[in-house]
Amino acid sequence: MDLAPAAFPVAERNAVVIESAPVGRRYHRLRLDAPDLSALSRPGQFFHLLCRDGAGSGPYLRRPMSIWRCGADEPLGFLFHVKGRGTAALAALRAGDRLSVVGPLGQGFTLHPSWRRILILARGVGLATLAPLTEAAARMGIAVEAVLSARDPADLMAEEFAGHSGAHVFPVLDADGSSDPLAVEALLRARFEAARPDAVFTCGSNRLLLLLQRLSAEYAIPGQVALEQQMGCGLGMCFCCVRPIRAPDGGTVNLRVCAEGPVFDLQAALGW
Amino acid sequence: MDLAPAAFPVAERNAVVIESAPVGRRYHRLRLDAPDLSALSRPGQFFHLLCRDGAGSGPYLRRPMSIWRCGADEPLGFLFHVKGRGTAALAALRAGDRLSVVGPLGQGFTLHPSWRRILILARGVGLATLAPLTEAAARMGIAVEAVLSARDPADLMAEEFAGHSGAHVFPVLDADGSSDPLAVEALLRARFEAARPDAVFTCGSNRLLLLLQRLSAEYAIPGQVALEQQMGCGLGMCFCCVRPIRAPDGGTVNLRVCAEGPVFDLQAALGW
Amino acid sequence: MVDLATRIGAITLANPVMPASGTFGPELAQVFDLDALGALVTKSVTPEPRAGNPLPRLCETEAGILNSIGIPGKGLDHFIAHAIPEWRRFRPPLIVSLSAGTNAAFAEAAARLAETPGIAAIEANISCPNLEEDGRAFAMFPESAAAAIAAMRARCALPIWAKLSPNTGDIAAVARAVEEAGADAIVVANTILGLAIDIETARPRLGAGMGGFSGPAFKPIALRLTWQCAQAVRIPLIGVGGIATAEDAVEFMMAGATAVQIGTASFVSPTAMMQVIEGLRDFCTRRGFTRSADLTGLALPGRRLAAE
Amino acid sequence: MVDLATRIGAITLANPVMPASGTFGPELAQVFDLDALGALVTKSVTPEPRAGNPLPRLCETEAGILNSIGIPGKGLDHFIAHAIPEWRRFRPPLIVSLSAGTNAAFAEAAARLAETPGIAAIEANISCPNLEEDGRAFAMFPESAAAAIAAMRARCALPIWAKLSPNTGDIAAVARAVEEAGADAIVVANTILGLAIDIETARPRLGAGMGGFSGPAFKPIALRLTWQCAQAVRIPLIGVGGIATAEDAVEFMMAGATAVQIGTASFVSPTAMMQVIEGLRDFCTRRGFTRSADLTGLALPGRRLAAE
Ligand SMILES: Cc1cc2nc3c(=O)[nH]c(=O)nc-3n(C[C@H](O)[C@H](O)[C@H](O)COP(=O)(O)OP(=O)(O)OC[C@H]3O[C@@H](n4cnc5c(N)ncnc54)[C@H](O)[C@@H]3O)c2cc1C
Ligand SMILES: Cc1cc2nc3c(=O)[nH]c(=O)nc-3n(C[C@H](O)[C@H](O)[C@H](O)COP(=O)(O)OP(=O)(O)OC[C@H]3O[C@@H](n4cnc5c(N)ncnc54)[C@H](O)[C@@H]3O)c2cc1C
Ligand SMILES: Cc1cc2nc3c(=O)[nH]c(=O)nc-3n(C[C@H](O)[C@H](O)[C@H](O)COP(=O)(O)O)c2cc1C
Ligand SMILES: Cc1cc2nc3c(=O)[nH]c(=O)nc-3n(C[C@H](O)[C@H](O)[C@H](O)COP(=O)(O)O)c2cc1C
Ligand code: FES
Ligand code: FES
């Protein structure tokens with residue numbers, strides 16, 4: 001379906017909910033009918049969602065949510081941890097309800113055509129942010145290995161992550177200690193040695209960010225990280241979503257997660 | 001079902017909605033499961049309703065609503081004109097939802113056992129306030145004649161008014177001019193002459209209040225009127241619901257519609 | 001068991017929750033046992049009878065209300081003769097709210113109330129208009145606020161709680177001034193001036209034009225005022241403004257309040273005060289506070305969280 | 001067709017709707033054509049670069065938000081070199097919001113902006129802290145407000161809009177003072193100080209402690225401030241505070257505002273300003289107003305409703 005480029009790159013749209021369903025015990029997924037926006041969306045970008053349930057009740061400000069599924073022939077999908085009032089209102093939406101979205105927003109991940117193999121390291125619902133990257137890599141013939149860290153098997157959502165990307169998933173769980181930093185470091189070293197990735201990506205855990213920064217520096221592998229921060233406008237206007245990011249001159253500069261981010265160079269991000 | 005008198009005469013109760021249905025084009029009725037409160041309620045009293053629909057969305061303050069149906073073996077009923085945000089939220093309630101009510105509140109109508117015949121004059125949804133009076137009169141063997149004034153047949157709601165009280169209803173409509181003040185005056189004089197009522201009651205129209213005051217003074221027939229006023233607490237604490245009422249000494253005094261009212265002596269009320 | 005006992009100067013309350021003046025009356029006894037409250041606070045009484053403002057006296061805004069009731073009442077004589085006896089049916093300490101137009105009138109009325117048995121303290125509503133300052137409230141300026149309190153202090157041995165207004169530019173200065181003038185506690189705060197216009201009639205929605213703004217929308221301002229006063233004075237603070245839940249009450253206590261008042265929330269839920277008392281007990285149990293009084297001032301700069 | 005043209009002193013806007021400083025940027029051009037706006041208002045620029053406040057810089061309250069961004073920015077030199085050229089891509093009049101710590105710094109910056117082509121007016125953010133008055137905002141007192149405006153007036157030919165603070169005790173006096181000091185219009189109002197505490201950590205939710213309160217919950221206060229200023233000065237008023245719909249905008253105009261600004265509402269609906277412009281046109285059509293300017297001041301005491 002060939003869409004004329006939207007007059008404006010960012011839309012404020014009341015999209016119809018196609019599917020609203022729980023995932024495991026703590027998560028929920030939504031699929032929306034917005035073909036033009038889904039086609040425009042890039043992995044790592046996000047939408048700013050107005051969390052009002054069917055009857056208009058919910059918190060005042062919008063909530064940022066990574067794009068979990070997108071593409072010309074794919075409904076716009078979000079996968080989220082039901083945490084507070086906003087995500088609860090989203091989880092209360094039923095098919096047929098409308099959800100106000102603003103987006104696609106922010107700078108997504110970058111994949112170089114020359115890359116043949118990438119490694120993904122995600123914790124918890126961070127995998128939602130990295131899922132569309134896996135699909136995109138598969139379409140470019142790039143092999144994907146993914147270390148997914150979660151509390152227990154129920155929380156793993158490997159299927160929600162990999163979809164039909166064919167990514168090779170290495171689950172690590174708190175339940176059996178395999179998600180312990182030392183164990184994860186050993187696994188990463190083994191993968192770096194056995195099938196050296198051209199680039200690494202992470203989202204969702206400060207500890208894993210610091211670990212991946214150290215290892216990828218040691219192995220001189222470039223990387224990217226998707227960060228999170230509380231947001232007001234989501235469009236780069238209010239300066240409430242800044243994070244200190246390492247500047248080329250060695251100092252740090254406050255950059256907007258919603259505008260310069262959410263994806264930053266792995267080595268430039270500072271732990272939070 | 002013999003109920004121990006409630007420890008406190010006024011309850012704040014989350015009652016379950018048994019029935020929620022539109023009536024005609026502009027009205028709606030609700031029936032609630034609150035047997036003890038329904039048994040305590042007297043004609044002319046009201047409840048203060050928290051107008052939040054199934055999902056908790058609605059205006060901040062409660063709305064006052066007359067008791068339309070009550071009695072030991074009768075669900076608590078309200079019949080209302082869907083007018084603004086509050087009544088719209090009430091109309092959005094579904095059977096099984098909960099509705100927070102405070103009451104029964106206020107002073108109701110008085111019926112003297114010695115009376116044999118009463119006449120009721122109601123405009124629009126004012127008939128909801130007078131409906132339980134009709135039932136009570138019928139139970140006391142008091143004959144009831146009711147002049148119901150409405151825009152057109154669809155708005156008449158004679159059945160919602162009379163229920164099985166056997167009241168004799170005289171409909172007067174804007175549509176055919178029969179609700180014109182002169183026509184209503186002629187009808188009332190005819191009824192006063194043919195079957196002189198021991199007392200008259202009215203609610204819902206300033207014009208009809210003034211007409212009934214004049215005629216019942218001329219025929220020396222005692223009467224009562226149920227008034228309305230915007231409310232804050234509904235319990236007599238805030239003094240925002242006052243209306244000027246004629247005092248015995250000929251002057252006027254500000255009385256609280258929620259505490260001293262809503263029912264006042266017909267001749268004491270001032271037009272608004 | 002959590003100890004909710006609350007000391008405000010010489011008075012001890014069973015718990016820190018009481019009604020806000022003007023939003024409470026003996027009529028609430030129809031709903032629950034008023035003896036469960038920390039204290040009872042009356043509608044402001046004025047020396048002379050007052051008719052009150054033209055209607056409408058109340059309107060809704062987003063998450064709050066505007067009111068301009070105009071302190072109607074039958075005057076001090078009627079209050080002492082008829083209202084006090086009715087209030088004496090209840091056990092909690094009785095706090096009489098007093099409004100007057102001049103320092104002398106405040107002092108005279110306070111003296112008469114001091115001689116009336118059964119009154120625990122006087123809440124001086126100095127946020128009402130001062131007729132000798134072209135209608136500006138006493139509590140707008142440190143000097144006029146202090147003068148009213150000092151005048152009462154000289155004629156009345158009962159504890160005096162000064163109720164401050166948010167409409168001043170520097171509430172900390174007003175708080176210090178009333179402390180120096182002898183106030184035993186500070187109630188912060190009365191309503192903040194607001195307006196709503198009906199665009200169909202191009203007229204204010206309230207008969208009197210402007211009105212007092214209260215309810216949840218007002219909470220962040222009232223909490224800030226409490227926080228500022230807590231860092232300016234040593235006498236106990238009573239926080240009021242938009243409190244509807246136990247969480248709200250804990251926020252005000254952590255900002256420095258020793259006790260809290262609940263007003264507009266009782267219109268939405270007449271049992272709100274009971275729910276706050278219960279919720280406060282649950283919070284203290286969950287977080288390991290043996291005395292609710294230990295919450296007071298926890299969030300103030302420089303105070304570590306003791307219970308951690 | 002309804003004429004939405006709006007005159008503010010020497011400047012004519014296509015309609016009375018513009019953004020509020022700090023809640024708007026060229027990034028909004030990704031969503032709609034900014035040329036449809038009455039005017040463009042920049043984030044406050046400061047003479048020197050500023051890092052801004054510690055995080056979190058924003059939190060939600062009931063029907064509103066608290067913010068303490070701390071006016072981060074790259075300073076005046078960078079603004080004139082890089083930001084102005086970017087703003088010149090758009091047609092509506094450009095209003096540059098200026099914040100400074102002293103009268104001299106205000107005057108110096110205003111002078112430099114006056115020599116920069118493409119600027120229609122300067123919005124003087126005198127609601128920010130005055131470093132020479134121990135951090136109290138210029139707009140807290142008539143004298144300090146007037147001094148800042150007078151200093152700018154002497155060095156800058158551009159129209160100066162004085163943006164006032166709700167934290168003062170007497171905004172009418174401050175309004176009169178800035179009018180006399182040469183302000184061409186008054187923007188009323190900046191955010192009002194508020195606080196929110198996280199009771200689990202017993203710490204303020206904002207990194208900087210207190211913050212500015214804005215959004216729908218603030219509207220009744222901002223509307224009252226506009227109403228008070230409208231009866232105190234003759235220069236045009238620009239109303240701002242909790243406006244999200246055309247009905248809100250009409251309320252402020254009837255209270256005396258010539259134009260309105262929309263801030264926090266754009267966070268909830270980036271197209272809010274467009275909806276207000278459309279809604280204003282519909283209201284005027286429905287109620288028979290041929291010029292939206294005829295709405296200004298309709299609700300003020302003594303003004304009959306012309307259109308009835
Ligand atoms: C760019 C970006 C992408 C995100 N993608 C996802 C995703 O794909 N799936 C998912 O489950 N979550 C994601 N999050 C986090 C998500 O925004 C928060 O979980 C959500 O805002 C919580 O809102 P709430 O009202 O349910 O929780 P509450 O705790 O009630 O929220 C209170 C406030 O804190 C803010 N907040 C709380 N947690 C976060 C957080 N982690 N990040 C940013 N703001 C927060 C909320 O926005 C709100 O303003 C993302 C965040 C960002 C910034
Ligand atoms: C004692 C009493 C009994 C009543 N019984 C009935 C009844 O049986 N059936 C029925 O249809 N209506 C009845 N009313 C009127 C009913 O309360 C209003 O229609 C309702 O409050 C409108 O609320 P809303 O939010 O839908 O309308 P809105 O117009 O949005 O209300 C705005 C504000 O005005 C107040 N208000 C508006 N109209 C009235 C009114 N007529 N009386 C009091 N306050 C009003 C509302 O309470 C609210 O505070 C009664 C009113 C009183 C005082
Ligand atoms: C209807 C109404 C009447 C009030 N009357 C008084 C009064 O007589 N004296 C007084 O000191 N405060 C009065 N107040 C202010 C309240 O006591 C309280 O300070 C304010 O409403 C803020 O608290 P809240 O948000 O919990 O209502 C009144 C408030 C309302 C809503
Ligand atoms: C995030 C944020 C940043 C703001 N920054 C500024 C600023 O830099 N300069 C200024 O004069 N006002 C600033 N304001 C105040 C707004 O311009 C406006 O006066 C206030 O928010 C009330 O309007 P609103 O309720 O429509 O937001 C800011 C407000 C917010 C919410
Ligand atoms: S959320 Fe406003 S700048 Fe990022
Ligand atoms: S509504 Fe409060 S006294 Fe009647």
# chains A, B, ... in the order shown; residues from 1 in each chain; ligands from 1
>>> residues_around(residues="Leu280 of chain C", least_positions_apart="2", cutoff="10 Å", atoms="only C-alpha atoms", output="PyMOL selection string")
chain C and resi 2+4+15-17+245-250+274-278+282-286+292
>>> write_last_selection(atoms="C-alpha atoms", output="compact mmCIF listing (two decimals), in the first residue's frame")
# COMPACT_ATOMS: atom_id res chain seq x y z
CA VAL C 2 -0.18 2.80 65.91
CA LEU C 4 -2.32 8.59 66.35
CA ASN C 15 -5.81 11.73 65.79
CA PRO C 16 -4.55 14.48 63.46
CA VAL C 17 -7.70 14.65 61.28
CA THR C 245 -6.97 10.60 51.00
CA ALA C 246 -4.58 9.34 53.68
CA GLU C 247 -1.74 9.72 51.15
CA ASP C 248 -2.59 13.43 50.83
CA ALA C 249 -2.61 13.77 54.64
CA VAL C 250 0.81 12.06 54.92
CA MET C 274 -12.95 8.47 58.55
CA GLN C 275 -11.23 6.97 55.51
CA VAL C 276 -8.22 9.27 56.03
CA ILE C 277 -7.90 8.27 59.72
CA GLU C 278 -8.02 4.57 58.76
CA ASP C 282 -2.54 1.57 57.65
CA PHE C 283 0.32 3.67 56.24
CA CYS C 284 2.06 3.88 59.62
CA THR C 285 1.65 0.13 60.15
CA ARG C 286 2.99 -0.71 56.65
CA SER C 292 1.89 9.18 63.35
>>> closest_atom_pairs(of="chain A", to="chain D", cutoff="12 Å", atoms="only C-alpha atoms", output="JSON lines")
{"residue": "A:Ala6", "atom": "CA", "partner": "D:Val31", "partner_atom": "CA", "distance": 10.1}
{"residue": "A:Ala7", "atom": "CA", "partner": "D:Phe32", "partner_atom": "CA", "distance": 8.6}
{"residue": "A:Phe8", "atom": "CA", "partner": "D:Gln30", "partner_atom": "CA", "distance": 5.4}
{"residue": "A:Pro9", "atom": "CA", "partner": "D:Gln30", "partner_atom": "CA", "distance": 5.6}
{"residue": "A:Val10", "atom": "CA", "partner": "D:Val31", "partner_atom": "CA", "distance": 5.1}
{"residue": "A:Ala11", "atom": "CA", "partner": "D:Val31", "partner_atom": "CA", "distance": 5.9}
{"residue": "A:Glu12", "atom": "CA", "partner": "D:Pro270", "partner_atom": "CA", "distance": 7.1}
{"residue": "A:Arg13", "atom": "CA", "partner": "D:Ser269", "partner_atom": "CA", "distance": 10.0}
{"residue": "A:Asn14", "atom": "CA", "partner": "D:Ser269", "partner_atom": "CA", "distance": 11.1}
{"residue": "A:His48", "atom": "CA", "partner": "D:Val268", "partner_atom": "CA", "distance": 9.3}
{"residue": "A:Leu49", "atom": "CA", "partner": "D:Val268", "partner_atom": "CA", "distance": 9.2}
{"residue": "A:Leu50", "atom": "CA", "partner": "D:Val268", "partner_atom": "CA", "distance": 7.2}
{"residue": "A:Cys51", "atom": "CA", "partner": "D:Val268", "partner_atom": "CA", "distance": 10.2}
{"residue": "A:Arg52", "atom": "CA", "partner": "D:Val268", "partner_atom": "CA", "distance": 11.2}
{"residue": "A:Ser57", "atom": "CA", "partner": "D:Ala63", "partner_atom": "CA", "distance": 11.5}
{"residue": "A:Gly58", "atom": "CA", "partner": "D:Ala63", "partner_atom": "CA", "distance": 10.3}
{"residue": "A:Pro59", "atom": "CA", "partner": "D:Glu60", "partner_atom": "CA", "distance": 8.1}
{"residue": "A:Tyr60", "atom": "CA", "partner": "D:Ala63", "partner_atom": "CA", "distance": 6.0}
{"residue": "A:Leu61", "atom": "CA", "partner": "D:Val268", "partner_atom": "CA", "distance": 5.8}
{"residue": "A:Arg62", "atom": "CA", "partner": "D:Val268", "partner_atom": "CA", "distance": 6.2}
{"residue": "A:Arg63", "atom": "CA", "partner": "D:Val268", "partner_atom": "CA", "distance": 9.9}
{"residue": "A:Pro64", "atom": "CA", "partner": "D:Phe267", "partner_atom": "CA", "distance": 11.9}
{"residue": "A:Arg85", "atom": "CA", "partner": "D:Glu60", "partner_atom": "CA", "distance": 11.5}
{"residue": "A:Gly86", "atom": "CA", "partner": "D:Glu60", "partner_atom": "CA", "distance": 11.5}
{"residue": "A:Ser100", "atom": "CA", "partner": "D:Ser269", "partner_atom": "CA", "distance": 9.0}
{"residue": "A:Val101", "atom": "CA", "partner": "D:Ser269", "partner_atom": "CA", "distance": 9.5}
{"residue": "A:Val102", "atom": "CA", "partner": "D:Pro270", "partner_atom": "CA", "distance": 8.1}
{"residue": "A:Gly103", "atom": "CA", "partner": "D:Val31", "partner_atom": "CA", "distance": 8.9}
{"residue": "A:Pro104", "atom": "CA", "partner": "D:Gln30", "partner_atom": "CA", "distance": 10.4}
{"residue": "A:Leu105", "atom": "CA", "partner": "D:Gln30", "partner_atom": "CA", "distance": 9.9}
{"residue": "A:Gly106", "atom": "CA", "partner": "D:Glu27", "partner_atom": "CA", "distance": 11.2}
{"residue": "A:Gln229", "atom": "CA", "partner": "D:Pro56", "partner_atom": "CA", "distance": 9.0}
{"residue": "A:Gln230", "atom": "CA", "partner": "D:Pro56", "partner_atom": "CA", "distance": 7.7}
{"residue": "A:Met231", "atom": "CA", "partner": "D:Leu58", "partner_atom": "CA", "distance": 7.9}
{"residue": "A:Gly232", "atom": "CA", "partner": "D:Phe267", "partner_atom": "CA", "distance": 6.1}
{"residue": "A:Cys233", "atom": "CA", "partner": "D:Phe267", "partner_atom": "CA", "distance": 4.4}
{"residue": "A:Gly234", "atom": "CA", "partner": "D:Phe267", "partner_atom": "CA", "distance": 7.6}
{"residue": "A:Leu235", "atom": "CA", "partner": "D:Glu27", "partner_atom": "CA", "distance": 6.3}
{"residue": "A:Gly236", "atom": "CA", "partner": "D:Glu27", "partner_atom": "CA", "distance": 6.5}
{"residue": "A:Met237", "atom": "CA", "partner": "D:Gly25", "partner_atom": "CA", "distance": 5.0}
{"residue": "A:Cys238", "atom": "CA", "partner": "D:Thr23", "partner_atom": "CA", "distance": 5.4}
{"residue": "A:Phe239", "atom": "CA", "partner": "D:Ile69", "partner_atom": "CA", "distance": 6.9}
{"residue": "A:Cys240", "atom": "CA", "partner": "D:Arg57", "partner_atom": "CA", "distance": 5.3}
{"residue": "A:Cys241", "atom": "CA", "partner": "D:Arg57", "partner_atom": "CA", "distance": 8.0}
{"residue": "A:Val242", "atom": "CA", "partner": "D:Leu55", "partner_atom": "CA", "distance": 8.2}
{"residue": "A:Arg243", "atom": "CA", "partner": "D:Leu55", "partner_atom": "CA", "distance": 8.8}
{"residue": "A:Pro244", "atom": "CA", "partner": "D:Leu55", "partner_atom": "CA", "distance": 10.6}
{"residue": "A:Thr252", "atom": "CA", "partner": "D:Ala51", "partner_atom": "CA", "distance": 11.1}
{"residue": "A:Val253", "atom": "CA", "partner": "D:Ala51", "partner_atom": "CA", "distance": 9.0}
{"residue": "A:Asn254", "atom": "CA", "partner": "D:Ala51", "partner_atom": "CA", "distance": 7.9}
{"residue": "A:Leu255", "atom": "CA", "partner": "D:Ala51", "partner_atom": "CA", "distance": 11.1}
{"residue": "A:Cys258", "atom": "CA", "partner": "D:Glu27", "partner_atom": "CA", "distance": 11.2}
{"residue": "A:Ala259", "atom": "CA", "partner": "D:Glu27", "partner_atom": "CA", "distance": 9.0}
{"residue": "A:Glu260", "atom": "CA", "partner": "D:Glu27", "partner_atom": "CA", "distance": 11.9}
{"residue": "A:Trp272", "atom": "CA", "partner": "D:Leu55", "partner_atom": "CA", "distance": 11.6}
>>> select_by_dssp(residues="segment 129-194 of chain C", states="alpha helix (DSSP H)", output="list in words")
Pro142, Glu143, Ser144, Ala145, Ala146, Ala147, Ala148, Ile149, Ala150, Ala151, Met152, Arg153, Ala154, Arg155, Ile171, Ala172, Ala173, Val174, Ala175, Arg176, Ala177, Val178, Glu179 and Glu180 of chain C
>>> write_last_selection(atoms="N, CA and C atoms", output="PDB file, in the first residue's frame")
ATOM      1  N   PRO C 142       1.906  40.949  56.863  1.00  0.00           N
ATOM      2  CA  PRO C 142       2.371  40.570  58.205  1.00  0.00           C
ATOM      3  C   PRO C 142       1.818  41.518  59.286  1.00  0.00           C
ATOM      4  N   GLU C 143       1.830  42.819  59.009  1.00  0.00           N
ATOM      5  CA  GLU C 143       1.431  43.797  60.045  1.00  0.00           C
ATOM      6  C   GLU C 143      -0.042  43.622  60.418  1.00  0.00           C
ATOM      7  N   SER C 144      -0.909  43.594  59.432  1.00  0.00           N
ATOM      8  CA  SER C 144      -2.349  43.522  59.743  1.00  0.00           C
ATOM      9  C   SER C 144      -2.690  42.154  60.343  1.00  0.00           C
ATOM     10  N   ALA C 145      -1.997  41.108  59.897  1.00  0.00           N
ATOM     11  CA  ALA C 145      -2.245  39.773  60.475  1.00  0.00           C
ATOM     12  C   ALA C 145      -1.849  39.783  61.953  1.00  0.00           C
ATOM     13  N   ALA C 146      -0.648  40.295  62.225  1.00  0.00           N
ATOM     14  CA  ALA C 146      -0.147  40.310  63.610  1.00  0.00           C
ATOM     15  C   ALA C 146      -1.039  41.166  64.513  1.00  0.00           C
ATOM     16  N   ALA C 147      -1.508  42.290  63.958  1.00  0.00           N
ATOM     17  CA  ALA C 147      -2.338  43.198  64.773  1.00  0.00           C
ATOM     18  C   ALA C 147      -3.615  42.498  65.227  1.00  0.00           C
ATOM     19  N   ALA C 148      -4.241  41.748  64.329  1.00  0.00           N
ATOM     20  CA  ALA C 148      -5.490  41.049  64.676  1.00  0.00           C
ATOM     21  C   ALA C 148      -5.211  39.991  65.749  1.00  0.00           C
ATOM     22  N   ILE C 149      -4.144  39.220  65.571  1.00  0.00           N
ATOM     23  CA  ILE C 149      -3.828  38.154  66.532  1.00  0.00           C
ATOM     24  C   ILE C 149      -3.467  38.767  67.898  1.00  0.00           C
ATOM     25  N   ALA C 150      -2.663  39.851  67.856  1.00  0.00           N
ATOM     26  CA  ALA C 150      -2.241  40.484  69.116  1.00  0.00           C
ATOM     27  C   ALA C 150      -3.458  41.014  69.880  1.00  0.00           C
ATOM     28  N   ALA C 151      -4.389  41.593  69.126  1.00  0.00           N
ATOM     29  CA  ALA C 151      -5.602  42.146  69.770  1.00  0.00           C
ATOM     30  C   ALA C 151      -6.359  41.022  70.472  1.00  0.00           C
ATOM     31  N   MET C 152      -6.463  39.863  69.820  1.00  0.00           N
ATOM     32  CA  MET C 152      -7.182  38.735  70.437  1.00  0.00           C
ATOM     33  C   MET C 152      -6.374  38.190  71.624  1.00  0.00           C
ATOM     34  N   ARG C 153      -5.055  38.088  71.412  1.00  0.00           N
ATOM     35  CA  ARG C 153      -4.173  37.500  72.429  1.00  0.00           C
ATOM     36  C   ARG C 153      -4.343  38.225  73.777  1.00  0.00           C
ATOM     37  N   ALA C 154      -4.495  39.564  73.662  1.00  0.00           N
ATOM     38  CA  ALA C 154      -4.583  40.396  74.873  1.00  0.00           C
ATOM     39  C   ALA C 154      -5.886  40.150  75.621  1.00  0.00           C
ATOM     40  N   ARG C 155      -6.913  39.625  74.948  1.00  0.00           N
ATOM     41  CA  ARG C 155      -8.226  39.536  75.600  1.00  0.00           C
ATOM     42  C   ARG C 155      -8.701  38.082  75.743  1.00  0.00           C
ATOM     43  N   ILE C 171       3.930  34.248  52.484  1.00  0.00           N
ATOM     44  CA  ILE C 171       3.228  33.639  53.620  1.00  0.00           C
ATOM     45  C   ILE C 171       4.188  33.368  54.782  1.00  0.00           C
ATOM     46  N   ALA C 172       5.479  33.167  54.489  1.00  0.00           N
ATOM     47  CA  ALA C 172       6.437  32.899  55.573  1.00  0.00           C
ATOM     48  C   ALA C 172       6.541  34.125  56.484  1.00  0.00           C
ATOM     49  N   ALA C 173       6.512  35.324  55.880  1.00  0.00           N
ATOM     50  CA  ALA C 173       6.594  36.555  56.686  1.00  0.00           C
ATOM     51  C   ALA C 173       5.326  36.708  57.534  1.00  0.00           C
ATOM     52  N   VAL C 174       4.172  36.393  56.943  1.00  0.00           N
ATOM     53  CA  VAL C 174       2.916  36.490  57.702  1.00  0.00           C
ATOM     54  C   VAL C 174       2.936  35.464  58.839  1.00  0.00           C
ATOM     55  N   ALA C 175       3.472  34.265  58.555  1.00  0.00           N
ATOM     56  CA  ALA C 175       3.526  33.208  59.586  1.00  0.00           C
ATOM     57  C   ALA C 175       4.401  33.662  60.756  1.00  0.00           C
ATOM     58  N   ARG C 176       5.567  34.223  60.422  1.00  0.00           N
ATOM     59  CA  ARG C 176       6.458  34.692  61.503  1.00  0.00           C
ATOM     60  C   ARG C 176       5.766  35.787  62.324  1.00  0.00           C
ATOM     61  N   ALA C 177       5.064  36.667  61.629  1.00  0.00           N
ATOM     62  CA  ALA C 177       4.427  37.807  62.305  1.00  0.00           C
ATOM     63  C   ALA C 177       3.358  37.325  63.285  1.00  0.00           C
ATOM     64  N   VAL C 178       2.533  36.340  62.872  1.00  0.00           N
ATOM     65  CA  VAL C 178       1.474  35.886  63.791  1.00  0.00           C
ATOM     66  C   VAL C 178       2.084  35.061  64.927  1.00  0.00           C
ATOM     67  N   GLU C 179       3.205  34.369  64.639  1.00  0.00           N
ATOM     68  CA  GLU C 179       3.870  33.617  65.720  1.00  0.00           C
ATOM     69  C   GLU C 179       4.319  34.594  66.802  1.00  0.00           C
ATOM     70  N   GLU C 180       4.994  35.669  66.335  1.00  0.00           N
ATOM     71  CA  GLU C 180       5.474  36.682  67.295  1.00  0.00           C
ATOM     72  C   GLU C 180       4.303  37.345  68.030  1.00  0.00           C
TER      73      GLU C 180
END
>>> closest_residue(among="B:Ala131, B:Ala88, B:Leu208, B:Val263", to="chain A", atoms="only C-alpha atoms")
B:Ala88
>>> residues_around(residues="segment 135-149 of chain B", least_positions_apart="6", cutoff="8 Å", atoms="only C-alpha atoms", output="count of residues only")
30
>>> decode(residues="segment 72-88 of chain A", atoms="C-alpha atoms", output="mmCIF file, in the first residue's frame")
data_model
loop_
_atom_site.group_PDB
_atom_site.id
_atom_site.type_symbol
_atom_site.label_atom_id
_atom_site.label_comp_id
_atom_site.auth_asym_id
_atom_site.auth_seq_id
_atom_site.Cartn_x
_atom_site.Cartn_y
_atom_site.Cartn_z
ATOM 1 C CA ALA A 72 3.729 -1.335 5.857
ATOM 2 C CA ASP A 73 1.514 -4.379 6.294
ATOM 3 C CA GLU A 74 1.724 -4.678 10.065
ATOM 4 C CA PRO A 75 -0.533 -3.037 12.662
ATOM 5 C CA LEU A 76 1.289 -0.658 14.997
ATOM 6 C CA GLY A 77 2.100 -2.697 18.123
ATOM 7 C CA PHE A 78 3.044 -1.831 21.707
ATOM 8 C CA LEU A 79 4.115 -4.266 24.418
ATOM 9 C CA PHE A 80 4.324 -2.886 27.941
ATOM 10 C CA HIS A 81 4.647 -3.653 31.617
ATOM 11 C CA VAL A 82 1.393 -2.726 33.413
ATOM 12 C CA LYS A 83 3.012 -0.564 36.070
ATOM 13 C CA GLY A 84 1.011 2.530 37.110
ATOM 14 C CA ARG A 85 -2.147 4.511 36.262
ATOM 15 C CA GLY A 86 -1.180 5.153 32.653
ATOM 16 C CA THR A 87 -0.292 1.637 31.589
ATOM 17 C CA ALA A 88 -3.315 0.364 33.568
#
